[in-house]
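Have a look at the structure below before the remarks.
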Amino acid sequence: MSENMPMIPAPRIRKAVFPVAGLGTRFLPATKTVPKEMLPIVDRPLIQYAVDEAIAAGCDTLVFITNRYKHAVADYFDRAYELEQRLASGGKTDLLQKVRDVLPEGVNAVFVTQPEARGLGHAVLCAKPVVGDEPFAVMLPDDVIWNRGGPGALAQMADLAQREGGSVVAVQPVPREQTGSYGIVATDAFTDRHGRISGIVEKPEPALAPSQLAVVGRYILEPRIFALLEQTTPGKGGEIQLTDAIAALLAERPVHAYRFHGTRFDCGTHIGLVEATIRFALDNEAISDQARQAMQRALDELGVADSR
Ligand code: G1P
């Protein structure tokens with residue numbers, strides 16, 4: 001390339017895909033009737049945290065991959081005219097704003113049904129007709145990422161994708177005994193917070209893991225991934241794995257691992273959801289003092305010495 005040739009910046013992502021077709025069995029019996037994505041952290045459902053992060057990163061089209069049991073998710077992103085009218089006529093402007101902020105003006109929600117639960121890779125492939133031929137984000141709403149006062153994880157990744165081109169996968173180090181719960185990457189040396197991925201494997205046994213860098217639920221992918229997903233055969237657990245298609249992608253195109261600024265809560269587990277609730281309550285001006293006192297009371301009354 002001539003030095004004078006202008007650098008064409010990679011296109012900014014506009015579409016974010018949210019796979020929400022899982023059964024959420026870990027949260028039974030709550031998830032018998034309430035989809036896991038609708039469980040609240042303080043006053044907002046889990047899904048809202050990922051949605052807000054995608055919008056803050058510049059996305060204006062949100063693609064939800066759902067199934068026939070997830071009407072509550074579609075209802076949540078629909079307009080609630082009667083409710084809004086009641087709040088407006090009752091002068092409850094703060095609440096009205098909160099309800100309207102669920103899906104800000106100019107942002108569209110699209111729902112695609114995944115007819116069978118065939119894995120994360122298959123869920124992402126279901127978004128192909130909506131995403132088309134442009135780079136896009138995949139957000140797993142179980143992973144809530146909190147970067148107090150700073151840009152969200154996806155915005156950080158979008159900046160990197162624009163600077164470097166190619167795809168970007170969020171990673172964080174995990175203890176070796178936990179590699180079996182994640183996609184694990186091998187990378188070139190890191191510059192700043194990113195390194196090029198040279199290998200990726202889904203949920204390896206600790207002894208076989210190429211590193212302790214685990215994939216967390218944020219991806220920016222080039223559209224080539226769709227053709228590769230179409231060729232991906234069932235992998236770990238008999239499911240079409242996104243990880244396996246990424247392994248094929250990195251043979252053709254750069255895929256970067258990125259260590260984001262922020263704390264990730266795995267809200268797919270009981271303790272992760274509890275910890276996120278504690279963190280967001282303590283960080284919420286309206287209730288932080290009471291939250292602190294409540295925690296102190298709980299520790300006192302249950303007896304810290306009782307912590308086996
Ligand atoms: C999925 C991915 C895995 C990734 C994880 C992050 O697994 O398959 O590679 O590390 O999300 O949360 P799941 O947690 O859906 O089993």
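By convention in this document, the chains of the structure tokens carry letters A, B, ... by their order, each chain's residues are numbered from 1, and ligands are numbered from 1 in the order they are shown.
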Exercise: Tyr219 in chain A partners within 6 Å, only C-alpha atoms, chain neighbours under 6 positions left out, as an MDAnalysis selection string: chainID A and resid 137:138 168:169
Per-residue nearest contacts of chain A to ligand 1 (6 Å; only C-alpha atoms and all ligand atoms) as a tab-separated table:
```
residue	atom	partner	partner_atom_place_in_ligand_line	distance
A:Tyr182	CA	ligand 1	10 (O)	3.4
A:Gly183	CA	ligand 1	9 (O)	3.3
A:Glu202	CA	ligand 1	9 (O)	5.4
A:Ala214	CA	ligand 1	10 (O)	5.8
A:Val215	CA	ligand 1	10 (O)	4.1
A:Val216	CA	ligand 1	6 (C)	3.9
A:Gly217	CA	ligand 1	6 (C)	4.4
A:Thr243	CA	ligand 1	9 (O)	5.7
```
Using all heavy atoms, can you write the selected residues to a file as an mmCIF file, in the first residue's frame?
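Generated file (again38.cif):
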```
data_model
loop_
_atom_site.group_PDB
_atom_site.id
_atom_site.type_symbol
_atom_site.label_atom_id
_atom_site.label_comp_id
_atom_site.auth_asym_id
_atom_site.auth_seq_id
_atom_site.Cartn_x
_atom_site.Cartn_y
_atom_site.Cartn_z
ATOM 1 N N TYR A 182 -15.368 -22.212 29.580
ATOM 2 C CA TYR A 182 -15.229 -21.088 28.642
ATOM 3 C C TYR A 182 -14.578 -21.499 27.326
ATOM 4 O O TYR A 182 -13.878 -22.509 27.260
ATOM 5 C CB TYR A 182 -14.303 -20.017 29.264
ATOM 6 C CG TYR A 182 -14.824 -19.382 30.514
ATOM 7 C CD1 TYR A 182 -14.436 -19.853 31.763
ATOM 8 C CD2 TYR A 182 -15.704 -18.312 30.452
ATOM 9 C CE1 TYR A 182 -14.905 -19.259 32.932
ATOM 10 C CE2 TYR A 182 -16.178 -17.705 31.607
ATOM 11 C CZ TYR A 182 -15.778 -18.189 32.843
ATOM 12 O OH TYR A 182 -16.250 -17.596 33.980
ATOM 13 N N GLY A 183 -14.732 -20.605 26.327
ATOM 14 C CA GLY A 183 -13.840 -20.653 25.186
ATOM 15 C C GLY A 183 -12.494 -20.112 25.653
ATOM 16 O O GLY A 183 -12.453 -19.126 26.388
ATOM 17 N N GLU A 202 -13.162 -24.549 22.554
ATOM 18 C CA GLU A 202 -14.335 -24.454 23.426
ATOM 19 C C GLU A 202 -14.186 -25.377 24.632
ATOM 20 O O GLU A 202 -14.011 -26.584 24.484
ATOM 21 C CB GLU A 202 -15.597 -24.798 22.631
ATOM 22 C CG GLU A 202 -16.905 -24.702 23.408
ATOM 23 C CD GLU A 202 -17.314 -23.275 23.814
ATOM 24 O OE1 GLU A 202 -16.602 -22.313 23.472
ATOM 25 O OE2 GLU A 202 -18.341 -23.131 24.487
ATOM 26 N N ALA A 214 -9.940 -16.466 29.032
ATOM 27 C CA ALA A 214 -11.279 -16.977 28.696
ATOM 28 C C ALA A 214 -12.074 -15.942 27.908
ATOM 29 O O ALA A 214 -12.002 -14.745 28.172
ATOM 30 C CB ALA A 214 -12.021 -17.315 29.979
ATOM 31 N N VAL A 215 -12.856 -16.441 26.977
ATOM 32 C CA VAL A 215 -13.768 -15.586 26.205
ATOM 33 C C VAL A 215 -14.956 -15.236 27.095
ATOM 34 O O VAL A 215 -15.546 -16.107 27.721
ATOM 35 C CB VAL A 215 -14.274 -16.349 24.959
ATOM 36 C CG1 VAL A 215 -15.335 -15.542 24.224
ATOM 37 C CG2 VAL A 215 -13.106 -16.712 24.042
ATOM 38 N N VAL A 216 -15.285 -13.954 27.185
ATOM 39 C CA VAL A 216 -16.534 -13.577 27.846
ATOM 40 C C VAL A 216 -17.500 -13.068 26.776
ATOM 41 O O VAL A 216 -17.109 -12.856 25.630
ATOM 42 C CB VAL A 216 -16.331 -12.587 29.017
ATOM 43 C CG1 VAL A 216 -15.282 -13.074 29.983
ATOM 44 C CG2 VAL A 216 -15.993 -11.221 28.526
ATOM 45 N N GLY A 217 -18.753 -12.876 27.158
ATOM 46 C CA GLY A 217 -19.802 -12.748 26.144
ATOM 47 C C GLY A 217 -19.906 -11.454 25.363
ATOM 48 O O GLY A 217 -20.986 -10.874 25.257
ATOM 49 N N THR A 243 -17.420 -20.714 18.867
ATOM 50 C CA THR A 243 -15.966 -20.853 19.017
ATOM 51 C C THR A 243 -15.346 -21.590 17.823
ATOM 52 O O THR A 243 -14.283 -21.205 17.336
ATOM 53 C CB THR A 243 -15.662 -21.613 20.337
ATOM 54 O OG1 THR A 243 -16.142 -20.814 21.414
ATOM 55 C CG2 THR A 243 -14.190 -21.892 20.524
#
```
Closest contacts (range 58-80 of chain A/range 116-133 of chain A, max 12 Å, only C-alpha atoms) as a Markdown table:
```
| residue | atom | partner | partner_atom | distance |
| --- | --- | --- | --- | --- |
| A:Cys59 | CA | A:Val131 | CA | 11.9 |
| A:Asp60 | CA | A:Val131 | CA | 11.9 |
| A:Thr61 | CA | A:Val131 | CA | 9.0 |
| A:Leu62 | CA | A:Val130 | CA | 9.8 |
| A:Val63 | CA | A:Ala127 | CA | 7.0 |
| A:Phe64 | CA | A:Ala127 | CA | 8.3 |
| A:Ile65 | CA | A:Ala123 | CA | 6.4 |
| A:Thr66 | CA | A:Ala123 | CA | 8.6 |
| A:Asn67 | CA | A:Glu116 | CA | 8.1 |
| A:Arg68 | CA | A:Glu116 | CA | 10.1 |
| A:Tyr69 | CA | A:Glu116 | CA | 11.9 |
```
Per-residue DSSP, range 71-148 of chain A, filtered to strand (DSSP E or B), as a VMD selection string: chain A and resid 108 to 113 136 to 139 143 to 146
Using only N, CA, C and O atoms, please write the residues we just selected to a file, as a short mmCIF file (atom, residue, chain, number, x, y, z; two decimals), in the first residue's frame.
```cif
data_model
loop_
_atom_site.label_atom_id
_atom_site.label_comp_id
_atom_site.auth_asym_id
_atom_site.auth_seq_id
_atom_site.Cartn_x
_atom_site.Cartn_y
_atom_site.Cartn_z
N ASN A 108 -33.98 0.23 16.81
CA ASN A 108 -34.97 -0.76 16.43
C ASN A 108 -34.67 -2.12 17.05
O ASN A 108 -33.51 -2.51 17.13
N ALA A 109 -35.73 -2.81 17.45
CA ALA A 109 -35.57 -4.18 17.95
C ALA A 109 -36.17 -5.13 16.92
O ALA A 109 -37.28 -4.91 16.43
N VAL A 110 -35.41 -6.17 16.58
CA VAL A 110 -35.88 -7.17 15.61
C VAL A 110 -35.83 -8.52 16.31
O VAL A 110 -34.86 -8.83 17.01
N PHE A 111 -36.87 -9.31 16.13
CA PHE A 111 -36.93 -10.62 16.79
C PHE A 111 -36.88 -11.73 15.77
O PHE A 111 -37.63 -11.73 14.80
N VAL A 112 -35.95 -12.65 15.99
CA VAL A 112 -35.79 -13.79 15.08
C VAL A 112 -35.96 -15.05 15.92
O VAL A 112 -35.38 -15.16 17.00
N THR A 113 -36.77 -15.96 15.44
CA THR A 113 -36.98 -17.20 16.20
C THR A 113 -35.92 -18.23 15.85
O THR A 113 -35.63 -18.45 14.68
N PHE A 136 -20.71 -6.96 12.98
CA PHE A 136 -21.77 -6.85 13.98
C PHE A 136 -21.27 -7.34 15.34
O PHE A 136 -20.21 -7.97 15.43
N ALA A 137 -22.06 -7.02 16.36
CA ALA A 137 -21.69 -7.46 17.72
C ALA A 137 -22.54 -8.65 18.12
O ALA A 137 -23.69 -8.79 17.68
N VAL A 138 -21.99 -9.52 18.96
CA VAL A 138 -22.76 -10.54 19.65
C VAL A 138 -22.62 -10.25 21.14
O VAL A 138 -21.49 -10.08 21.63
N MET A 139 -23.73 -10.17 21.84
CA MET A 139 -23.71 -9.86 23.27
C MET A 139 -24.44 -10.97 24.02
O MET A 139 -25.62 -11.22 23.74
N ASP A 143 -23.50 -12.15 30.79
CA ASP A 143 -22.29 -11.44 31.20
C ASP A 143 -22.61 -9.96 31.31
O ASP A 143 -22.83 -9.29 30.31
N VAL A 144 -22.66 -9.49 32.55
CA VAL A 144 -22.89 -8.06 32.78
C VAL A 144 -21.52 -7.44 33.07
O VAL A 144 -20.78 -7.94 33.92
N ILE A 145 -21.18 -6.40 32.31
CA ILE A 145 -19.85 -5.79 32.49
C ILE A 145 -20.03 -4.35 32.95
O ILE A 145 -20.76 -3.58 32.34
N TRP A 146 -19.37 -4.04 34.05
CA TRP A 146 -19.54 -2.75 34.73
C TRP A 146 -18.22 -2.01 34.67
O TRP A 146 -17.21 -2.50 35.16
#
```
CA of Thr263 in chain A to CA of Pro141 in chain A, distance in Å rounded to a single decimal: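 The value is 14.3 Å.
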Atomic separation - CA of Glu53 in chain A relative to CA of Val20 in chain A, Å: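 Value for the CA of Val20 in chain A-CA of Glu53 in chain A distance: 16.1 Å.
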Contacts of Leu208 in chain A within 12 Å, only C-alpha atoms, excl. fewer than 4 positions in-chain, as number ranges by chain: A: 176-180, 184-186, 200-204, 212
Close residues, range 30-47 of chain A itself excluded, 12 Å, only C-alpha atoms, min 6 positions apart in chain, as a ChimeraX atom specification: /A:17-24,53-54,62,64,66-77,95,98-99,101-103,139-145,265-270,272-284,286-288,291
Any chance you could export the current selection's C-alpha atoms as a tab-separated table (two decimals), in the first residue's frame?
```
chain	number	residue	atom	x	y	z
A	17	VAL	CA	-27.20	-9.80	18.21
A	18	PHE	CA	-28.55	-11.04	21.56
A	19	PRO	CA	-28.98	-14.82	21.79
A	20	VAL	CA	-31.79	-15.21	24.35
A	21	ALA	CA	-33.23	-18.60	23.46
A	22	GLY	CA	-31.64	-20.53	26.36
A	23	LEU	CA	-33.81	-22.33	28.90
A	24	GLY	CA	-32.20	-20.77	31.97
A	53	GLU	CA	-24.02	-1.21	26.43
A	54	ALA	CA	-24.74	-1.93	22.75
A	62	LEU	CA	-30.86	-4.93	18.15
A	64	PHE	CA	-32.90	-10.82	19.54
A	66	THR	CA	-35.52	-15.96	20.83
A	67	ASN	CA	-37.85	-18.94	21.04
A	68	ARG	CA	-41.55	-19.42	21.59
A	69	TYR	CA	-41.21	-19.22	25.38
A	70	LYS	CA	-39.68	-15.75	25.37
A	71	HIS	CA	-42.69	-13.53	24.70
A	72	ALA	CA	-41.85	-11.55	27.82
A	73	VAL	CA	-38.64	-10.30	26.18
A	74	ALA	CA	-40.49	-9.09	23.06
A	75	ASP	CA	-43.24	-7.54	25.21
A	76	TYR	CA	-40.63	-5.73	27.28
A	77	PHE	CA	-39.17	-3.97	24.22
A	95	LEU	CA	-40.93	6.72	35.73
A	98	LYS	CA	-37.40	5.12	32.61
A	99	VAL	CA	-40.05	3.22	30.63
A	101	ASP	CA	-35.48	4.61	27.89
A	102	VAL	CA	-35.94	0.84	27.54
A	103	LEU	CA	-35.64	1.38	23.79
A	139	MET	CA	-23.71	-9.86	23.27
A	140	LEU	CA	-24.43	-12.62	25.78
A	141	PRO	CA	-26.64	-10.92	28.37
A	142	ASP	CA	-25.58	-13.29	31.19
A	143	ASP	CA	-22.29	-11.44	31.20
A	144	VAL	CA	-22.89	-8.06	32.78
A	145	ILE	CA	-19.85	-5.79	32.49
A	265	PHE	CA	-20.39	-10.53	36.58
A	266	ASP	CA	-21.47	-13.96	35.41
A	267	CYS	CA	-25.20	-13.53	35.94
A	268	GLY	CA	-25.81	-16.99	34.56
A	269	THR	CA	-24.89	-18.20	38.08
A	270	HIS	CA	-26.63	-17.51	41.39
A	272	GLY	CA	-22.88	-13.77	39.92
A	273	LEU	CA	-26.39	-12.33	39.94
A	274	VAL	CA	-26.18	-11.71	43.70
A	275	GLU	CA	-22.79	-10.00	43.36
A	276	ALA	CA	-24.00	-7.81	40.50
A	277	THR	CA	-27.04	-6.85	42.58
A	278	ILE	CA	-24.81	-5.86	45.51
A	279	ARG	CA	-22.51	-3.86	43.25
A	280	PHE	CA	-25.26	-1.98	41.43
A	281	ALA	CA	-27.16	-1.32	44.67
A	282	LEU	CA	-24.04	0.15	46.31
A	283	ASP	CA	-23.44	2.25	43.20
A	284	ASN	CA	-27.04	3.53	43.06
A	286	ALA	CA	-30.90	6.48	45.70
A	287	ILE	CA	-30.27	3.34	47.77
A	288	SER	CA	-26.51	3.05	48.34
A	291	ALA	CA	-27.76	-1.03	50.83
```
Test item, alpha helix (DSSP H) assignment across range 14-66 of chain A, answer as a list in words: Leu46, Ile47, Gln48, Tyr49, Ala50, Val51, Asp52, Glu53, Ala54, Ile55 and Ala56 of chain A
Residues just named, written with C-alpha atoms as a PDB file, in the first residue's frame:
```
ATOM      1  CA  LEU A  46     -30.519  -8.384  32.934  1.00  0.00           C
ATOM      2  CA  ILE A  47     -31.086  -7.875  29.210  1.00  0.00           C
ATOM      3  CA  GLN A  48     -31.308  -4.090  29.645  1.00  0.00           C
ATOM      4  CA  TYR A  49     -27.687  -3.875  30.801  1.00  0.00           C
ATOM      5  CA  ALA A  50     -26.406  -5.516  27.601  1.00  0.00           C
ATOM      6  CA  VAL A  51     -28.812  -3.483  25.455  1.00  0.00           C
ATOM      7  CA  ASP A  52     -27.651  -0.196  27.001  1.00  0.00           C
ATOM      8  CA  GLU A  53     -24.025  -1.207  26.433  1.00  0.00           C
ATOM      9  CA  ALA A  54     -24.744  -1.929  22.745  1.00  0.00           C
ATOM     10  CA  ILE A  55     -26.566   1.380  22.247  1.00  0.00           C
ATOM     11  CA  ALA A  56     -23.744   3.280  23.971  1.00  0.00           C
TER      12      ALA A  56
END
```
Nearest candidate to Ser181 in chain A (options A:Lys236, A:Lys92, A:Arg26, A:Arg100; using only C-alpha atoms):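 Distance minimum relative to Ser181 in chain A lands on A:Lys236.
For the pair CA of Leu302 in chain A and CA of Arg264 in chain A, the separation is 27.8 Å.
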Exercise: range 251-257 of chain A partners within 7 Å, only C-alpha atoms, chain neighbours under 6 positions left out, as a list in words: Gly166, Ser167, Val168, Val169, Ala170, Val171, His194, Gly195, Arg196 and Ile197 of chain A
Nearest to Gly199 in chain A by atom-to-atom distance, counting only C-alpha atoms, from A:Leu299, A:Ala294, A:Ile271, A:Leu213: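 The closest residue to Gly199 in chain A is A:Leu213.
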Top pick for closest residue to Ala80 in chain A, considering A:Ala57, A:Leu96, A:Ile220, A:Leu242 and counting only C-alpha atoms: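 Among A:Ala57, A:Leu96, A:Ile220, A:Leu242, it is A:Leu96 that comes nearest to Ala80 in chain A.
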Top pick for closest residue to Leu221 in chain A, considering A:Asp188, A:Glu134, A:Asp244, A:Glu205 and counting only C-alpha atoms: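 Of A:Asp188, A:Glu134, A:Asp244, A:Glu205, the one nearest Leu221 in chain A, counting only C-alpha atoms, is A:Glu134.
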Selected residue of minimal separation from Arg12 in chain A among A:Arg148, A:Arg163, A:Arg79, A:Arg86, counting only C-alpha atoms: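 When distances to Arg12 in chain A are compared using only C-alpha atoms, the smallest one comes from A:Arg163.
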